[in-house]
$ cat model_18.tsv   # TSV, C-alpha atoms and all ligand atoms
chain	number	residue	atom	x	y	z
L	1	MET	CA	-39.66	-57.20	2.88
L	2	THR	CA	-39.26	-53.54	3.80
L	3	ILE	CA	-39.57	-52.24	7.34
L	4	LEU	CA	-41.64	-49.06	7.46
L	5	ASP	CA	-39.35	-46.89	9.55
L	6	GLY	CA	-41.53	-44.51	11.58
L	7	LYS	CA	-38.65	-43.26	13.66
L	8	LYS	CA	-36.71	-42.09	10.61
L	9	LEU	CA	-39.78	-40.50	9.04
L	10	LYS	CA	-40.60	-38.72	12.29
L	11	GLN	CA	-37.14	-37.15	12.24
L	12	GLU	CA	-37.59	-36.07	8.62
L	13	ILE	CA	-40.98	-34.49	9.41
L	14	LEU	CA	-39.62	-32.67	12.47
L	15	ASP	CA	-36.61	-31.38	10.52
L	16	GLU	CA	-38.85	-30.13	7.72
L	17	VAL	CA	-41.20	-28.32	10.12
L	18	LYS	CA	-38.22	-26.91	12.05
L	19	SER	CA	-36.71	-25.39	8.91
L	20	LYS	CA	-40.08	-23.90	7.87
L	21	ILE	CA	-40.52	-22.38	11.33
L	22	GLU	CA	-37.04	-20.85	11.12
L	23	LYS	CA	-37.58	-19.60	7.56
L	24	ASN	CA	-40.91	-17.94	8.38
L	25	ASN	CA	-39.84	-16.84	11.86
L	26	ALA	CA	-43.09	-18.49	12.95
L	27	LYS	CA	-44.17	-18.20	16.59
L	28	MET	CA	-46.79	-20.53	17.96
L	29	LYS	CA	-47.80	-22.25	21.15
L	30	LEU	CA	-49.16	-25.72	21.80
L	31	ALA	CA	-51.25	-26.12	24.96
L	32	ILE	CA	-51.52	-29.59	26.48
L	33	ILE	CA	-54.05	-30.11	29.24
L	34	GLN	CA	-53.45	-33.11	31.48
L	35	VAL	CA	-55.72	-34.06	34.36
L	36	GLY	CA	-53.97	-35.93	37.16
L	37	ASN	CA	-50.75	-37.87	36.89
L	38	ASN	CA	-51.40	-40.92	34.69
L	39	GLU	CA	-48.05	-42.63	34.09
L	40	ALA	CA	-48.56	-43.39	30.38
L	41	SER	CA	-49.86	-39.83	29.84
L	42	ASN	CA	-46.72	-38.43	31.45
L	43	ILE	CA	-44.66	-40.32	28.83
L	44	TYR	CA	-46.82	-39.21	25.87
L	45	VAL	CA	-46.94	-35.59	27.07
L	46	GLY	CA	-43.17	-35.62	27.55
L	47	GLN	CA	-42.67	-36.84	23.97
L	48	LYS	CA	-44.94	-34.09	22.61
L	49	LEU	CA	-43.17	-31.35	24.57
L	50	LYS	CA	-39.76	-32.64	23.50
L	51	ALA	CA	-40.82	-32.56	19.84
L	52	CYS	CA	-42.13	-28.99	20.28
L	53	GLU	CA	-38.84	-27.88	21.78
L	54	TYR	CA	-36.89	-29.50	18.92
L	55	VAL	CA	-38.77	-27.66	16.17
L	56	GLY	CA	-39.07	-24.32	18.00
L	57	ILE	CA	-42.70	-24.39	19.16
L	58	GLU	CA	-43.53	-23.25	22.68
L	59	GLY	CA	-45.17	-26.23	24.35
L	60	ASN	CA	-47.08	-25.42	27.54
L	61	LEU	CA	-48.35	-28.12	29.86
L	62	TYR	CA	-51.38	-27.32	32.01
L	63	LYS	CA	-51.24	-30.14	34.52
L	64	LEU	CA	-54.47	-29.96	36.48
L	65	ASP	CA	-55.14	-31.50	39.84
L	66	GLU	CA	-56.77	-34.95	39.73
L	67	ASN	CA	-59.80	-33.46	41.51
L	68	VAL	CA	-60.32	-30.54	39.13
L	69	SER	CA	-63.98	-29.78	38.34
L	70	GLN	CA	-65.37	-29.94	34.81
L	71	GLU	CA	-66.18	-26.24	35.07
L	72	GLU	CA	-62.54	-25.37	35.79
L	73	LEU	CA	-61.43	-27.54	32.88
L	74	LEU	CA	-63.89	-25.83	30.53
L	75	THR	CA	-62.78	-22.39	31.75
L	76	LEU	CA	-59.20	-23.27	30.83
L	77	ILE	CA	-60.22	-24.54	27.38
L	78	ASP	CA	-62.17	-21.30	26.81
L	79	LYS	CA	-59.18	-19.20	27.82
L	80	LEU	CA	-56.87	-21.12	25.47
L	81	ASN	CA	-59.43	-20.88	22.63
L	82	LYS	CA	-59.31	-17.09	22.99
L	83	ASP	CA	-55.51	-16.87	23.13
L	84	ASP	CA	-54.30	-15.99	19.60
L	85	GLU	CA	-50.79	-17.24	20.32
L	86	VAL	CA	-52.13	-20.74	20.95
L	87	TYR	CA	-52.46	-22.65	17.65
L	88	GLY	CA	-53.21	-26.07	19.04
L	89	ILE	CA	-54.90	-27.51	22.13
L	90	ILE	CA	-54.67	-31.11	23.28
L	91	LEU	CA	-56.83	-32.56	26.02
L	92	GLN	CA	-54.69	-35.55	26.98
L	93	SER	CA	-56.73	-38.71	27.52
L	94	PRO	CA	-57.57	-40.41	29.79
L	95	ILE	CA	-59.16	-37.93	32.15
L	96	ARG	CA	-61.03	-38.78	35.36
L	97	HIS	CA	-63.97	-40.99	34.42
L	98	ASP	CA	-66.66	-38.69	35.83
L	99	LEU	CA	-65.44	-35.83	33.62
L	100	ASP	CA	-67.01	-35.96	30.16
L	101	PHE	CA	-64.04	-36.26	27.76
L	102	ASP	CA	-66.16	-35.98	24.60
L	103	TYR	CA	-68.04	-32.93	25.85
L	104	CYS	CA	-64.87	-31.16	27.01
L	105	SER	CA	-62.73	-31.96	23.96
L	106	ASN	CA	-65.58	-30.83	21.71
L	107	LYS	CA	-65.27	-27.36	23.29
L	108	ILE	CA	-61.84	-26.97	21.71
L	109	LEU	CA	-62.10	-24.69	18.65
L	110	ALA	CA	-61.98	-26.79	15.46
L	111	SER	CA	-59.22	-24.47	14.21
L	112	LYS	CA	-57.08	-25.50	17.22
L	113	ASP	CA	-58.12	-29.14	17.33
L	114	ILE	CA	-54.85	-30.79	16.33
L	115	ASP	CA	-56.02	-34.14	17.73
L	116	GLY	CA	-58.99	-34.21	15.35
L	117	PHE	CA	-61.50	-35.22	18.05
L	118	THR	CA	-64.06	-32.40	17.83
L	119	ARG	CA	-67.34	-33.06	16.07
L	120	ASP	CA	-66.39	-30.63	13.28
L	121	SER	CA	-63.16	-32.53	12.61
L	122	VAL	CA	-64.89	-35.91	12.80
L	123	TYR	CA	-67.58	-34.71	10.36
L	124	GLY	CA	-64.89	-33.29	8.08
L	125	ASN	CA	-63.35	-36.78	7.85
L	126	TYR	CA	-66.83	-38.24	7.29
L	127	ILE	CA	-67.46	-36.04	4.24
L	128	ASN	CA	-63.81	-36.13	3.12
L	129	ASP	CA	-63.37	-32.39	3.57
L	130	THR	CA	-60.72	-31.85	6.21
L	131	ASP	CA	-56.96	-31.64	6.60
L	132	ILE	CA	-57.21	-32.45	10.31
L	133	LEU	CA	-57.21	-36.12	11.25
L	134	PRO	CA	-56.61	-37.89	14.55
L	135	CYS	CA	-52.81	-37.90	14.80
L	136	THR	CA	-52.35	-41.67	14.65
L	137	VAL	CA	-54.48	-41.83	11.50
L	138	LYS	CA	-52.56	-38.95	9.96
L	139	GLY	CA	-49.32	-40.75	10.88
L	140	ILE	CA	-50.38	-43.98	9.16
L	141	ILE	CA	-51.39	-42.12	6.01
L	142	THR	CA	-48.15	-40.13	5.99
L	143	LEU	CA	-46.17	-43.37	6.36
L	144	LEU	CA	-48.00	-45.11	3.49
L	145	ASP	CA	-47.59	-42.01	1.29
L	146	LYS	CA	-43.88	-41.79	2.07
L	147	TYR	CA	-43.29	-45.39	0.96
L	148	GLU	CA	-45.54	-44.80	-2.10
L	149	ILE	CA	-48.00	-47.51	-1.07
L	150	ASN	CA	-51.07	-46.76	-3.16
L	151	LEU	CA	-54.36	-47.54	-1.42
L	152	ASP	CA	-56.62	-47.00	-4.42
L	153	GLY	CA	-58.61	-50.17	-5.08
L	154	THR	CA	-56.84	-52.20	-2.40
L	155	ASN	CA	-58.58	-54.32	0.22
L	156	VAL	CA	-57.82	-52.77	3.59
L	157	VAL	CA	-58.74	-54.69	6.74
L	158	ILE	CA	-58.67	-52.75	10.01
L	159	VAL	CA	-58.81	-54.78	13.22
L	160	GLY	CA	-60.28	-52.59	15.98
L	161	ARG	CA	-63.11	-50.05	15.87
L	162	GLY	CA	-62.00	-47.64	18.58
L	163	ASN	CA	-62.93	-43.96	18.28
L	164	ILE	CA	-59.31	-42.79	18.24
L	165	VAL	CA	-57.87	-45.14	15.62
L	166	GLY	CA	-60.11	-47.80	14.04
L	167	LYS	CA	-63.20	-45.76	13.14
L	168	PRO	CA	-61.53	-42.58	11.83
L	169	LEU	CA	-59.01	-44.77	9.97
L	170	MET	CA	-61.91	-46.59	8.29
L	171	LEU	CA	-63.14	-43.27	6.85
L	172	ALA	CA	-59.67	-42.06	5.93
L	173	MET	CA	-58.97	-45.31	4.03
L	174	LEU	CA	-62.35	-45.10	2.29
L	175	ASN	CA	-61.47	-41.54	1.31
L	176	LYS	CA	-58.32	-42.97	-0.29
L	177	ASN	CA	-60.54	-45.25	-2.44
L	178	ALA	CA	-59.70	-48.46	-0.59
L	179	THR	CA	-62.31	-51.17	-0.03
L	180	VAL	CA	-62.49	-51.29	3.74
L	181	THR	CA	-63.44	-54.04	6.18
L	182	VAL	CA	-63.46	-53.33	9.92
L	183	ALA	CA	-63.10	-56.28	12.29
L	184	HIS	CA	-63.65	-56.22	16.07
L	185	SER	CA	-64.14	-58.51	19.03
L	186	HIS	CA	-67.42	-59.92	17.62
L	187	THR	CA	-65.96	-60.72	14.21
L	188	LYS	CA	-66.20	-64.38	13.27
L	189	ASN	CA	-63.25	-66.10	11.58
L	190	LEU	CA	-60.78	-63.25	12.08
L	191	VAL	CA	-58.09	-65.25	10.27
L	192	ASP	CA	-60.18	-65.50	7.10
L	193	VAL	CA	-61.16	-61.83	7.23
L	194	CYS	CA	-57.57	-60.70	7.71
L	195	LYS	CA	-56.34	-62.92	4.90
L	196	THR	CA	-58.35	-60.87	2.39
L	197	ALA	CA	-56.23	-57.82	3.20
L	198	ASP	CA	-53.76	-56.22	0.83
L	199	VAL	CA	-53.19	-53.81	3.71
L	200	LEU	CA	-53.81	-55.15	7.22
L	201	ILE	CA	-53.92	-52.65	10.07
L	202	SER	CA	-54.28	-53.84	13.65
L	203	ALA	CA	-55.36	-51.37	16.35
L	204	VAL	CA	-56.40	-53.57	19.26
L	205	GLY	CA	-53.80	-53.70	22.02
L	206	LYS	CA	-53.40	-57.50	22.31
L	207	LYS	CA	-49.86	-58.80	22.07
L	208	GLY	CA	-49.47	-61.44	19.33
L	209	LEU	CA	-53.11	-61.29	18.14
L	210	ILE	CA	-52.06	-61.23	14.48
L	211	THR	CA	-50.03	-64.30	13.52
L	212	ALA	CA	-48.57	-65.49	10.21
L	213	ASP	CA	-51.87	-67.33	9.58
L	214	HIS	CA	-53.75	-64.00	9.45
L	215	VAL	CA	-51.53	-62.52	6.75
L	216	LYS	CA	-51.62	-63.15	3.03
L	217	ASP	CA	-48.33	-63.34	1.12
L	218	GLY	CA	-47.07	-59.93	0.08
L	219	ALA	CA	-49.48	-57.93	2.27
L	220	VAL	CA	-48.64	-54.62	3.92
L	221	VAL	CA	-48.94	-54.89	7.72
L	222	ILE	CA	-49.36	-51.86	9.97
L	223	ASP	CA	-49.25	-52.50	13.71
L	224	VAL	CA	-50.84	-49.78	15.84
L	225	GLY	CA	-51.34	-51.81	19.02
L	226	ILE	CA	-49.36	-51.14	22.16
L	227	THR	CA	-49.12	-53.53	25.08
L	228	ARG	CA	-46.67	-52.96	27.92
L	229	VAL	CA	-45.22	-56.04	29.63
L	230	ASP	CA	-42.50	-55.61	32.27
L	231	GLY	CA	-41.58	-52.19	30.90
L	232	LYS	CA	-41.29	-53.48	27.31
L	233	ILE	CA	-43.60	-52.44	24.48
L	234	TYR	CA	-45.23	-54.99	22.17
L	235	GLY	CA	-47.54	-54.62	19.18
L	236	ASP	CA	-50.52	-56.75	18.10
L	237	VAL	CA	-48.49	-58.49	15.39
L	238	ASP	CA	-46.22	-61.48	15.90
L	239	PHE	CA	-43.49	-59.59	14.02
L	240	ASP	CA	-40.84	-62.35	13.87
L	241	ASN	CA	-43.16	-64.88	12.26
L	242	VAL	CA	-45.05	-62.45	10.04
L	243	LYS	CA	-42.16	-60.44	8.59
L	244	ASP	CA	-41.02	-63.01	6.01
L	245	LYS	CA	-44.47	-63.20	4.39
L	246	VAL	CA	-45.09	-59.51	3.85
L	247	SER	CA	-43.99	-56.75	1.48
L	248	TYR	CA	-43.95	-54.01	4.15
L	249	ILE	CA	-44.32	-54.06	7.91
L	250	THR	CA	-44.09	-51.60	10.81
L	251	PRO	CA	-42.05	-52.54	13.88
L	252	VAL	CA	-43.21	-51.88	17.45
L	253	PRO	CA	-41.68	-49.75	18.81
L	254	GLY	CA	-40.43	-47.50	16.02
L	255	GLY	CA	-43.34	-47.73	13.57
L	256	VAL	CA	-46.64	-45.91	14.03
L	257	GLY	CA	-45.91	-44.50	17.50
L	258	PRO	CA	-43.27	-41.92	16.50
L	259	LEU	CA	-45.50	-40.74	13.67
L	260	THR	CA	-48.35	-39.97	16.05
L	261	VAL	CA	-46.08	-37.42	17.74
L	262	ALA	CA	-44.74	-36.13	14.40
L	263	SER	CA	-48.30	-35.65	13.15
L	264	ILE	CA	-49.12	-33.40	16.09
L	265	ILE	CA	-46.26	-31.12	15.13
L	266	LEU	CA	-47.14	-31.33	11.44
L	267	GLN	CA	-50.82	-30.53	12.02
L	268	LEU	CA	-49.91	-27.69	14.35
L	269	TYR	CA	-47.66	-26.12	11.74
L	270	GLU	CA	-50.39	-26.61	9.13
L	271	MET	CA	-52.77	-24.68	11.44
L	272	TYR	CA	-50.22	-21.88	11.50
L	273	GLU	CA	-49.89	-21.88	7.71
L	274	ARG	CA	-53.66	-21.79	7.22
L	275	ARG	CA	-54.00	-18.79	9.54
L	276	ASN	CA	-50.91	-16.82	8.49
L	277	ILE	CA	-49.59	-17.90	5.12
L	278	ASN	CA	-52.25	-19.61	3.01
L	279	GLY	CA	-55.28	-18.31	4.86
E	301	LIG	P1	-60.00	-49.32	21.95
E	301	LIG	O1	-60.87	-48.13	21.77
E	301	LIG	O2	-60.00	-50.06	23.23
E	301	LIG	O3	-60.33	-50.34	20.77
E	301	LIG	C1	-59.83	-51.63	20.72
E	301	LIG	C2	-60.56	-52.40	19.66
E	301	LIG	O4	-60.05	-53.71	19.60
E	301	LIG	C3	-62.06	-52.54	19.91
E	301	LIG	O5	-62.77	-52.19	18.74
E	301	LIG	C4	-62.25	-54.03	20.22
E	301	LIG	O6	-63.47	-54.58	19.74
E	301	LIG	C5	-61.12	-54.62	19.40
E	301	LIG	N1	-60.74	-55.96	19.90
E	301	LIG	C6	-60.50	-56.34	21.17
E	301	LIG	N2	-60.18	-57.65	21.21
E	301	LIG	C7	-60.23	-58.10	19.93
E	301	LIG	C8	-60.04	-59.35	19.32
E	301	LIG	N3	-59.68	-60.44	20.03
E	301	LIG	N4	-60.19	-59.46	17.98
E	301	LIG	C9	-60.54	-58.38	17.25
E	301	LIG	N5	-60.74	-57.15	17.77
E	301	LIG	C10	-60.60	-57.02	19.10
E	301	LIG	O7	-58.48	-48.92	21.70
E	301	LIG	P2	-57.85	-47.75	20.79
E	301	LIG	O8	-57.83	-46.48	21.54
E	301	LIG	O9	-58.47	-47.79	19.43
E	301	LIG	O10	-56.36	-48.27	20.70
E	301	LIG	C11	-56.06	-49.52	20.12
E	301	LIG	C12	-54.61	-49.86	20.35
E	301	LIG	O11	-53.80	-48.91	19.67
E	301	LIG	C13	-54.16	-49.80	21.80
E	301	LIG	O12	-53.19	-50.77	22.04
E	301	LIG	C14	-53.53	-48.42	21.94
E	301	LIG	O13	-52.55	-48.37	22.96
E	301	LIG	C15	-52.89	-48.31	20.58
E	301	LIG	N6	-52.64	-46.95	20.14
E	301	LIG	C16	-51.42	-46.70	19.65
E	301	LIG	C17	-51.11	-45.44	19.20
E	301	LIG	C18	-49.76	-45.22	18.63
E	301	LIG	O14	-49.36	-44.06	18.49
E	301	LIG	N7	-49.03	-46.25	18.28
E	301	LIG	C19	-52.06	-44.42	19.26
E	301	LIG	C20	-53.33	-44.71	19.75
E	301	LIG	C21	-53.61	-45.99	20.18
E	301	LIG	P3	-64.92	-54.13	20.36
E	301	LIG	O15	-65.18	-52.77	19.78
E	301	LIG	O16	-65.83	-55.16	19.86
E	301	LIG	O17	-64.74	-54.10	21.85
$ encode --input "model_18.tsv" --output "structure tokens"
Amino acid sequence: MTILDGKKLKQEILDEVKSKIEKNNAKMKLAIIQVGNNEASNIYVGQKLKACEYVGIEGNLYKLDENVSQEELLTLIDKLNKDDEVYGIILQSPIRHDLDFDYCSNKILASKDIDGFTRDSVYGNYINDTDILPCTVKGIITLLDKYEINLDGTNVVIVGRGNIVGKPLMLAMLNKNATVTVAHSHTKNLVDVCKTADVLISAVGKKGLITADHVKDGAVVIDVGITRVDGKIYGDVDFDNVKDKVSYITPVPGGVGPLTVASIILQLYEMYERRNING
């Protein structure tokens, strides 16, 4: 069994981008818009800004008041769209429930949409004609590539059909020529469905949902889920009991999570390259 080490790969990705930025004397800004003071968002935003600082990207946080109007939010997005020094814009979710996240994030220019949430980016994934993917999806694909895990012809089972992970991952896996099954809360006999997987990916957010019974011998197991209990982070997979059955497995923490952050930096630098070097 091999542990898929997301933390190590994140460091490699950051170091590679850092050296390219230095070599090309590249200057770029990342704008992160946060509405209010959500505790988990503060942590994620902090990680993104820290990664920016490490590689030499100027990360700017626009922390808006909890009561900001949608109009003010859209005005800021418009301003950042027009700022040539800004190569990437993130609208950090969640935002206040009466603000329309989809509508607002869709106003981000596709060429600055490093989160891959605009309709253009989503459609690009749909027709397999985009380099921009939601960062967690990009992270999973980068991890599988790094460990030379070939998806072509494999049975991939994804548990979870959320808009941020499950659904875009389904398309990305299909685009890699996998045979894809997507399970969700209405799926009958989850154990039997999961057992068909050569590659099992769980993106639910329920601690211990995936047990040794769900996993076929020699499968690859990717755990995207995050559940916080008493300040500790747990995945969906019962790691200790599953690890001896599998060929590869991601830990939580230290698996997919770090790669989500690394993918933001990677996709931001790729935006820069498209505009200034390859474009
Ligand atoms: P989401 O939109 O809430 O989706 C959760 C999915 O899980 C839904 O499709 C739901 O089914 C399904 N589900 C719930 N209970 C289930 C059960 N008992 N059996 C099978 N499926 C079940 O969440 P998300 O945004 O996709 O995120 C999923 C998890 O990934 C969360 O824990 C989140 O924190 C984590 N995450 C991690 C990273 C990272 O960097 N590691 C990044 C993003 C998200 P229905 O559709 O039928 O309700």
$ closest_residue --input "model_18.tsv" --among "L:Ile233, L:Leu171, L:Met271, L:Val159" --to "ligand LIG 301 (chain E)" --atoms "all atoms listed in the file"
L:Val159
$ residues_near_point --input "model_18.tsv" --point "(-55.8, -36.3, 35.0)" --cutoff "10 Å" --atoms "only C-alpha atoms" --output "number ranges by chain"
L: 33-38, 41-42, 63-68, 91-97, 99
$ write_last_selection --input "model_18.tsv" --atoms "C-alpha atoms" --output "tab-separated table (two decimals), in the coordinates of the input"
chain	number	residue	atom	x	y	z
L	33	ILE	CA	-54.05	-30.11	29.24
L	34	GLN	CA	-53.45	-33.11	31.48
L	35	VAL	CA	-55.72	-34.06	34.36
L	36	GLY	CA	-53.97	-35.93	37.16
L	37	ASN	CA	-50.75	-37.87	36.89
L	38	ASN	CA	-51.40	-40.92	34.69
L	41	SER	CA	-49.86	-39.83	29.84
L	42	ASN	CA	-46.72	-38.43	31.45
L	63	LYS	CA	-51.24	-30.14	34.52
L	64	LEU	CA	-54.47	-29.96	36.48
L	65	ASP	CA	-55.14	-31.50	39.84
L	66	GLU	CA	-56.77	-34.95	39.73
L	67	ASN	CA	-59.80	-33.46	41.51
L	68	VAL	CA	-60.32	-30.54	39.13
L	91	LEU	CA	-56.83	-32.56	26.02
L	92	GLN	CA	-54.69	-35.55	26.98
L	93	SER	CA	-56.73	-38.71	27.52
L	94	PRO	CA	-57.57	-40.41	29.79
L	95	ILE	CA	-59.16	-37.93	32.15
L	96	ARG	CA	-61.03	-38.78	35.36
L	97	HIS	CA	-63.97	-40.99	34.42
L	99	LEU	CA	-65.44	-35.83	33.62
$ closest_residue --input "model_18.tsv" --among "L:Asp115, L:Asn128, L:Lys195, L:Asp120" --to "Ile164 of chain L" --atoms "only C-alpha atoms"
L:Asp115
$ residues_around --input "model_18.tsv" --residues "Tyr126 of chain L" --least-positions-apart "3" --cutoff "12 Å" --atoms "only C-alpha atoms" --output "ChimeraX atom specification"
/L:116,119-123,129-133,167-175
$ write_last_selection --input "model_18.tsv" --atoms "C-alpha atoms" --output "PDB file, in the coordinates of the input"
ATOM      1  CA  GLY L 116     -58.990 -34.210  15.350  1.00  0.00           C
ATOM      2  CA  ARG L 119     -67.340 -33.060  16.070  1.00  0.00           C
ATOM      3  CA  ASP L 120     -66.390 -30.630  13.280  1.00  0.00           C
ATOM      4  CA  SER L 121     -63.160 -32.530  12.610  1.00  0.00           C
ATOM      5  CA  VAL L 122     -64.890 -35.910  12.800  1.00  0.00           C
ATOM      6  CA  TYR L 123     -67.580 -34.710  10.360  1.00  0.00           C
ATOM      7  CA  ASP L 129     -63.370 -32.390   3.570  1.00  0.00           C
ATOM      8  CA  THR L 130     -60.720 -31.850   6.210  1.00  0.00           C
ATOM      9  CA  ASP L 131     -56.960 -31.640   6.600  1.00  0.00           C
ATOM     10  CA  ILE L 132     -57.210 -32.450  10.310  1.00  0.00           C
ATOM     11  CA  LEU L 133     -57.210 -36.120  11.250  1.00  0.00           C
ATOM     12  CA  LYS L 167     -63.200 -45.760  13.140  1.00  0.00           C
ATOM     13  CA  PRO L 168     -61.530 -42.580  11.830  1.00  0.00           C
ATOM     14  CA  LEU L 169     -59.010 -44.770   9.970  1.00  0.00           C
ATOM     15  CA  MET L 170     -61.910 -46.590   8.290  1.00  0.00           C
ATOM     16  CA  LEU L 171     -63.140 -43.270   6.850  1.00  0.00           C
ATOM     17  CA  ALA L 172     -59.670 -42.060   5.930  1.00  0.00           C
ATOM     18  CA  MET L 173     -58.970 -45.310   4.030  1.00  0.00           C
ATOM     19  CA  LEU L 174     -62.350 -45.100   2.290  1.00  0.00           C
ATOM     20  CA  ASN L 175     -61.470 -41.540   1.310  1.00  0.00           C
TER      21      ASN L 175
END
$ closest_atom_pairs --input "model_18.tsv" --of "chain L" --to "ligand LIG 301 (chain E)" --cutoff "8 Å" --atoms "all atoms listed in the file" --output "CSV"
residue,atom,partner,partner_atom,distance
L:Cys135,CA,E:LIG301,C19,7.9
L:Thr136,CA,E:LIG301,C19,5.4
L:Val159,CA,E:LIG301,N5,5.5
L:Gly160,CA,E:LIG301,C2,3.7
L:Arg161,CA,E:LIG301,O5,3.6
L:Gly162,CA,E:LIG301,O1,3.4
L:Asn163,CA,E:LIG301,O1,5.8
L:Ile164,CA,E:LIG301,O8,5.2
L:Val165,CA,E:LIG301,O9,4.7
L:Gly166,CA,E:LIG301,O9,5.6
L:Ala183,CA,E:LIG301,C9,6.0
L:His184,CA,E:LIG301,N5,3.5
L:Ser185,CA,E:LIG301,C10,3.8
L:His186,CA,E:LIG301,O16,5.5
L:Thr187,CA,E:LIG301,C9,6.6
L:Leu190,CA,E:LIG301,N4,7.0
L:Ser202,CA,E:LIG301,O11,7.8
L:Ala203,CA,E:LIG301,C11,4.3
L:Val204,CA,E:LIG301,O4,3.7
L:Gly205,CA,E:LIG301,O12,3.0
L:Lys206,CA,E:LIG301,O12,6.7
L:Leu209,CA,E:LIG301,N3,6.9
L:Asp223,CA,E:LIG301,N7,7.7
L:Val224,CA,E:LIG301,N7,4.7
L:Gly225,CA,E:LIG301,O12,3.7
L:Ile226,CA,E:LIG301,O12,3.8
L:Thr227,CA,E:LIG301,O12,5.8
L:Gly235,CA,E:LIG301,O12,7.4
L:Asp236,CA,E:LIG301,O12,7.6
L:Gly255,CA,E:LIG301,N7,7.5
L:Val256,CA,E:LIG301,N7,4.9
L:Gly257,CA,E:LIG301,O14,3.6
L:Pro258,CA,E:LIG301,O14,6.8
L:Leu259,CA,E:LIG301,O14,7.0
L:Thr260,CA,E:LIG301,O14,4.9
L:Val261,CA,E:LIG301,O14,7.4
